[in-house]
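So the structure is just underneath, and the comments pick up after that.
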Amino acid sequence: MSFETRWASGVRTLAATAVRSRLLERYDTPRQLLDDTAFDPDIREAFSAPGASFVTLTKDGRLRGCIGNLVADRPLSTALVHHARRATTDPRMAAVTVDEWPHLTIEVSILSQPRPIDVDTPADLLASLRPDVDGLTLRQGSKRATFLPSVWKTLKSPERFVAGLLAKGGWDEWPTDIQIERYTTKTYTDHPPRPQLEPT
């Protein structure tokens, strides 16, 4: 089995294991979860490298939580486990319950290094975007908003994508001194159905 195939399986497994442990109110460390899943040494080494990621939980196409970070400031395994657990209690919505476990879709997006986009006008930005490929981050001072590339599924045109991101960040119009970055993602999805969780 190739490294890429084993890596994809490892990402899905670690995220699902983290969500499962949180729903069972277990608080194993990322290292314990890695040990429990018995990954190969080369997969464990890849998880130890810094990485930025998002974990998105959906049920029947409805968002149930999405938590992540844009900066690779800690080992990917630590970030991924943290985000998976926090996604179950995303403050924007009701917490995920044990009964939802069999029906959850668990999607992990691993981010590339962000790259600045140097544009002078909103029209230039729209022309430079790559639908279904680019994730986008807008920054102005302490304000920041980002859309993962998966958002293109809903906001299919650059105009709608950027307008939605401005609204998410609370900007009523194009901000001055805006900083813009793009990134790409590799996405790994753990699909339902799965067995109901039983307390241990």
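Note on naming: chains are A, B, ... as they come in the structure tokens, residues start from 1 per chain, ligands start from 1 in the order shown.
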Exercise. Counting only C-alpha atoms, what is within 12 Å of Phe54 of chain A, bar same-chain residues fewer than 2 positions away, as a VMD selection string?
Worked result: chain A and resid 11 15 51 to 52 56 to 57 65 to 72 76 to 77 79 to 87 106 to 112 135 146 to 150 185 to 189
Problem set entry | Contact residues around segment 118-130 of chain A with only C-alpha atoms at 12 Å, ignoring same-chain residues under 4 positions, as a count of residues only | 28
Seminar exercise, completed: Using only C-alpha atoms, the residue out of A:Leu34, A:Lys59, A:Leu197, A:Met1 with shortest distance to Val96 of chain A is A:Lys59
From a DSSP calculation on the backbone, collect every residue of segment 45-104 of chain A in alpha helix (DSSP H) and output the set as a PDB file with all heavy atoms, in the first residue's frame.
ATOM      1  N   GLU A  45       5.627   9.906  11.924  1.00  0.00           N
ATOM      2  CA  GLU A  45       6.584  10.978  11.664  1.00  0.00           C
ATOM      3  C   GLU A  45       5.936  12.113  10.886  1.00  0.00           C
ATOM      4  O   GLU A  45       6.161  13.300  11.183  1.00  0.00           O
ATOM      5  CB  GLU A  45       7.780  10.435  10.889  1.00  0.00           C
ATOM      6  CG  GLU A  45       8.859  11.477  10.625  1.00  0.00           C
ATOM      7  CD  GLU A  45      10.055  10.905   9.896  1.00  0.00           C
ATOM      8  OE1 GLU A  45      10.106   9.684   9.677  1.00  0.00           O
ATOM      9  OE2 GLU A  45      10.950  11.698   9.541  1.00  0.00           O
ATOM     10  N   ALA A  46       5.094  11.782   9.901  1.00  0.00           N
ATOM     11  CA  ALA A  46       4.407  12.822   9.133  1.00  0.00           C
ATOM     12  C   ALA A  46       3.458  13.616  10.025  1.00  0.00           C
ATOM     13  O   ALA A  46       3.334  14.841   9.883  1.00  0.00           O
ATOM     14  CB  ALA A  46       3.644  12.190   7.973  1.00  0.00           C
ATOM     15  N   PHE A  47       2.797  12.957  10.952  1.00  0.00           N
ATOM     16  CA  PHE A  47       1.905  13.645  11.882  1.00  0.00           C
ATOM     17  C   PHE A  47       2.666  14.567  12.834  1.00  0.00           C
ATOM     18  O   PHE A  47       2.089  15.514  13.363  1.00  0.00           O
ATOM     19  CB  PHE A  47       1.094  12.641  12.700  1.00  0.00           C
ATOM     20  CG  PHE A  47      -0.197  12.230  12.071  1.00  0.00           C
ATOM     21  CD1 PHE A  47      -0.500  10.882  11.899  1.00  0.00           C
ATOM     22  CD2 PHE A  47      -1.130  13.168  11.665  1.00  0.00           C
ATOM     23  CE1 PHE A  47      -1.705  10.492  11.335  1.00  0.00           C
ATOM     24  CE2 PHE A  47      -2.338  12.794  11.099  1.00  0.00           C
ATOM     25  CZ  PHE A  47      -2.622  11.451  10.932  1.00  0.00           C
ATOM     26  N   SER A  48       3.947  14.283  13.065  1.00  0.00           N
ATOM     27  CA  SER A  48       4.722  15.103  14.002  1.00  0.00           C
ATOM     28  C   SER A  48       5.173  16.423  13.395  1.00  0.00           C
ATOM     29  O   SER A  48       5.574  17.343  14.117  1.00  0.00           O
ATOM     30  CB  SER A  48       5.947  14.323  14.498  1.00  0.00           C
ATOM     31  OG  SER A  48       6.909  14.169  13.456  1.00  0.00           O
ATOM     32  N   LEU A  76       0.903  18.451  13.418  1.00  0.00           N
ATOM     33  CA  LEU A  76      -0.392  18.259  12.782  1.00  0.00           C
ATOM     34  C   LEU A  76      -1.292  17.365  13.624  1.00  0.00           C
ATOM     35  O   LEU A  76      -2.499  17.614  13.725  1.00  0.00           O
ATOM     36  CB  LEU A  76      -0.210  17.652  11.393  1.00  0.00           C
ATOM     37  CG  LEU A  76      -1.494  17.339  10.629  1.00  0.00           C
ATOM     38  CD1 LEU A  76      -2.322  18.608  10.411  1.00  0.00           C
ATOM     39  CD2 LEU A  76      -1.183  16.664   9.302  1.00  0.00           C
ATOM     40  N   SER A  77      -0.745  16.330  14.244  1.00  0.00           N
ATOM     41  CA  SER A  77      -1.583  15.448  15.061  1.00  0.00           C
ATOM     42  C   SER A  77      -2.229  16.220  16.204  1.00  0.00           C
ATOM     43  O   SER A  77      -3.419  16.027  16.495  1.00  0.00           O
ATOM     44  CB  SER A  77      -0.766  14.279  15.612  1.00  0.00           C
ATOM     45  OG  SER A  77       0.316  14.743  16.404  1.00  0.00           O
ATOM     46  N   THR A  78      -1.482  17.108  16.855  1.00  0.00           N
ATOM     47  CA  THR A  78      -2.023  17.899  17.957  1.00  0.00           C
ATOM     48  C   THR A  78      -3.123  18.828  17.470  1.00  0.00           C
ATOM     49  O   THR A  78      -4.194  18.924  18.086  1.00  0.00           O
ATOM     50  CB  THR A  78      -0.906  18.718  18.621  1.00  0.00           C
ATOM     51  OG1 THR A  78       0.114  17.829  19.098  1.00  0.00           O
ATOM     52  CG2 THR A  78      -1.434  19.551  19.789  1.00  0.00           C
ATOM     53  N   ALA A  79      -2.859  19.519  16.355  1.00  0.00           N
ATOM     54  CA  ALA A  79      -3.856  20.445  15.807  1.00  0.00           C
ATOM     55  C   ALA A  79      -5.108  19.700  15.379  1.00  0.00           C
ATOM     56  O   ALA A  79      -6.238  20.116  15.682  1.00  0.00           O
ATOM     57  CB  ALA A  79      -3.260  21.208  14.626  1.00  0.00           C
ATOM     58  N   LEU A  80      -4.938  18.583  14.689  1.00  0.00           N
ATOM     59  CA  LEU A  80      -6.075  17.848  14.160  1.00  0.00           C
ATOM     60  C   LEU A  80      -6.968  17.323  15.289  1.00  0.00           C
ATOM     61  O   LEU A  80      -8.203  17.454  15.235  1.00  0.00           O
ATOM     62  CB  LEU A  80      -5.568  16.708  13.288  1.00  0.00           C
ATOM     63  CG  LEU A  80      -6.536  16.054  12.308  1.00  0.00           C
ATOM     64  CD1 LEU A  80      -5.744  15.352  11.206  1.00  0.00           C
ATOM     65  CD2 LEU A  80      -7.439  15.051  12.991  1.00  0.00           C
ATOM     66  N   VAL A  81      -6.369  16.750  16.316  1.00  0.00           N
ATOM     67  CA  VAL A  81      -7.147  16.235  17.445  1.00  0.00           C
ATOM     68  C   VAL A  81      -7.887  17.376  18.140  1.00  0.00           C
ATOM     69  O   VAL A  81      -9.072  17.262  18.479  1.00  0.00           O
ATOM     70  CB  VAL A  81      -6.238  15.477  18.428  1.00  0.00           C
ATOM     71  CG1 VAL A  81      -6.967  15.187  19.735  1.00  0.00           C
ATOM     72  CG2 VAL A  81      -5.743  14.177  17.796  1.00  0.00           C
ATOM     73  N   HIS A  82      -7.198  18.489  18.349  1.00  0.00           N
ATOM     74  CA  HIS A  82      -7.823  19.646  19.001  1.00  0.00           C
ATOM     75  C   HIS A  82      -9.021  20.148  18.200  1.00  0.00           C
ATOM     76  O   HIS A  82     -10.104  20.388  18.762  1.00  0.00           O
ATOM     77  CB  HIS A  82      -6.778  20.751  19.154  1.00  0.00           C
ATOM     78  CG  HIS A  82      -7.311  22.014  19.745  1.00  0.00           C
ATOM     79  ND1 HIS A  82      -7.647  22.134  21.069  1.00  0.00           N
ATOM     80  CD2 HIS A  82      -7.579  23.222  19.178  1.00  0.00           C
ATOM     81  CE1 HIS A  82      -8.096  23.362  21.309  1.00  0.00           C
ATOM     82  NE2 HIS A  82      -8.062  24.031  20.173  1.00  0.00           N
ATOM     83  N   HIS A  83      -8.849  20.296  16.904  1.00  0.00           N
ATOM     84  CA  HIS A  83      -9.932  20.819  16.072  1.00  0.00           C
ATOM     85  C   HIS A  83     -11.109  19.840  16.006  1.00  0.00           C
ATOM     86  O   HIS A  83     -12.270  20.262  16.035  1.00  0.00           O
ATOM     87  CB  HIS A  83      -9.423  21.111  14.660  1.00  0.00           C
ATOM     88  CG  HIS A  83      -8.305  22.085  14.615  1.00  0.00           C
ATOM     89  ND1 HIS A  83      -8.148  23.104  15.540  1.00  0.00           N
ATOM     90  CD2 HIS A  83      -7.249  22.207  13.756  1.00  0.00           C
ATOM     91  CE1 HIS A  83      -7.061  23.798  15.243  1.00  0.00           C
ATOM     92  NE2 HIS A  83      -6.514  23.285  14.175  1.00  0.00           N
ATOM     93  N   ALA A  84     -10.803  18.548  15.900  1.00  0.00           N
ATOM     94  CA  ALA A  84     -11.875  17.557  15.823  1.00  0.00           C
ATOM     95  C   ALA A  84     -12.734  17.596  17.087  1.00  0.00           C
ATOM     96  O   ALA A  84     -13.966  17.550  17.029  1.00  0.00           O
ATOM     97  CB  ALA A  84     -11.289  16.164  15.611  1.00  0.00           C
ATOM     98  N   ARG A  85     -12.075  17.701  18.222  1.00  0.00           N
ATOM     99  CA  ARG A  85     -12.829  17.749  19.479  1.00  0.00           C
ATOM    100  C   ARG A  85     -13.640  19.036  19.592  1.00  0.00           C
ATOM    101  O   ARG A  85     -14.816  19.017  19.961  1.00  0.00           O
ATOM    102  CB  ARG A  85     -11.865  17.629  20.659  1.00  0.00           C
ATOM    103  CG  ARG A  85     -11.316  16.215  20.837  1.00  0.00           C
ATOM    104  CD  ARG A  85     -10.279  16.177  21.924  1.00  0.00           C
ATOM    105  NE  ARG A  85      -9.945  14.808  22.279  1.00  0.00           N
ATOM    106  CZ  ARG A  85      -8.848  14.465  22.929  1.00  0.00           C
ATOM    107  NH1 ARG A  85      -7.971  15.395  23.290  1.00  0.00           N
ATOM    108  NH2 ARG A  85      -8.609  13.203  23.234  1.00  0.00           N
ATOM    109  N   ARG A  86     -13.020  20.158  19.272  1.00  0.00           N
ATOM    110  CA  ARG A  86     -13.725  21.430  19.405  1.00  0.00           C
ATOM    111  C   ARG A  86     -14.861  21.558  18.400  1.00  0.00           C
ATOM    112  O   ARG A  86     -15.848  22.247  18.674  1.00  0.00           O
ATOM    113  CB  ARG A  86     -12.744  22.593  19.242  1.00  0.00           C
ATOM    114  CG  ARG A  86     -11.855  22.830  20.455  1.00  0.00           C
ATOM    115  CD  ARG A  86     -11.186  24.190  20.379  1.00  0.00           C
ATOM    116  NE  ARG A  86     -12.154  25.255  20.299  1.00  0.00           N
ATOM    117  CZ  ARG A  86     -11.928  26.422  19.687  1.00  0.00           C
ATOM    118  NH1 ARG A  86     -10.758  26.662  19.095  1.00  0.00           N
ATOM    119  NH2 ARG A  86     -12.849  27.353  19.653  1.00  0.00           N
ATOM    120  N   ALA A  87     -14.738  20.903  17.264  1.00  0.00           N
ATOM    121  CA  ALA A  87     -15.814  20.974  16.272  1.00  0.00           C
ATOM    122  C   ALA A  87     -17.106  20.374  16.800  1.00  0.00           C
ATOM    123  O   ALA A  87     -18.197  20.739  16.347  1.00  0.00           O
ATOM    124  CB  ALA A  87     -15.397  20.271  14.980  1.00  0.00           C
TER     125      ALA A  87
END
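The gap separating atom CA of Glu100 of chain A from atom CA of Thr58 of chain A is 9.8 Å, in Å to one decimal.
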Exercise. Quick one: distance from atom CA of Trp7 of chain A to atom CA of Pro41 of chain A in Å, one decimal?
Worked result: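 That distance, rounded to one decimal, is 11.3 Å.
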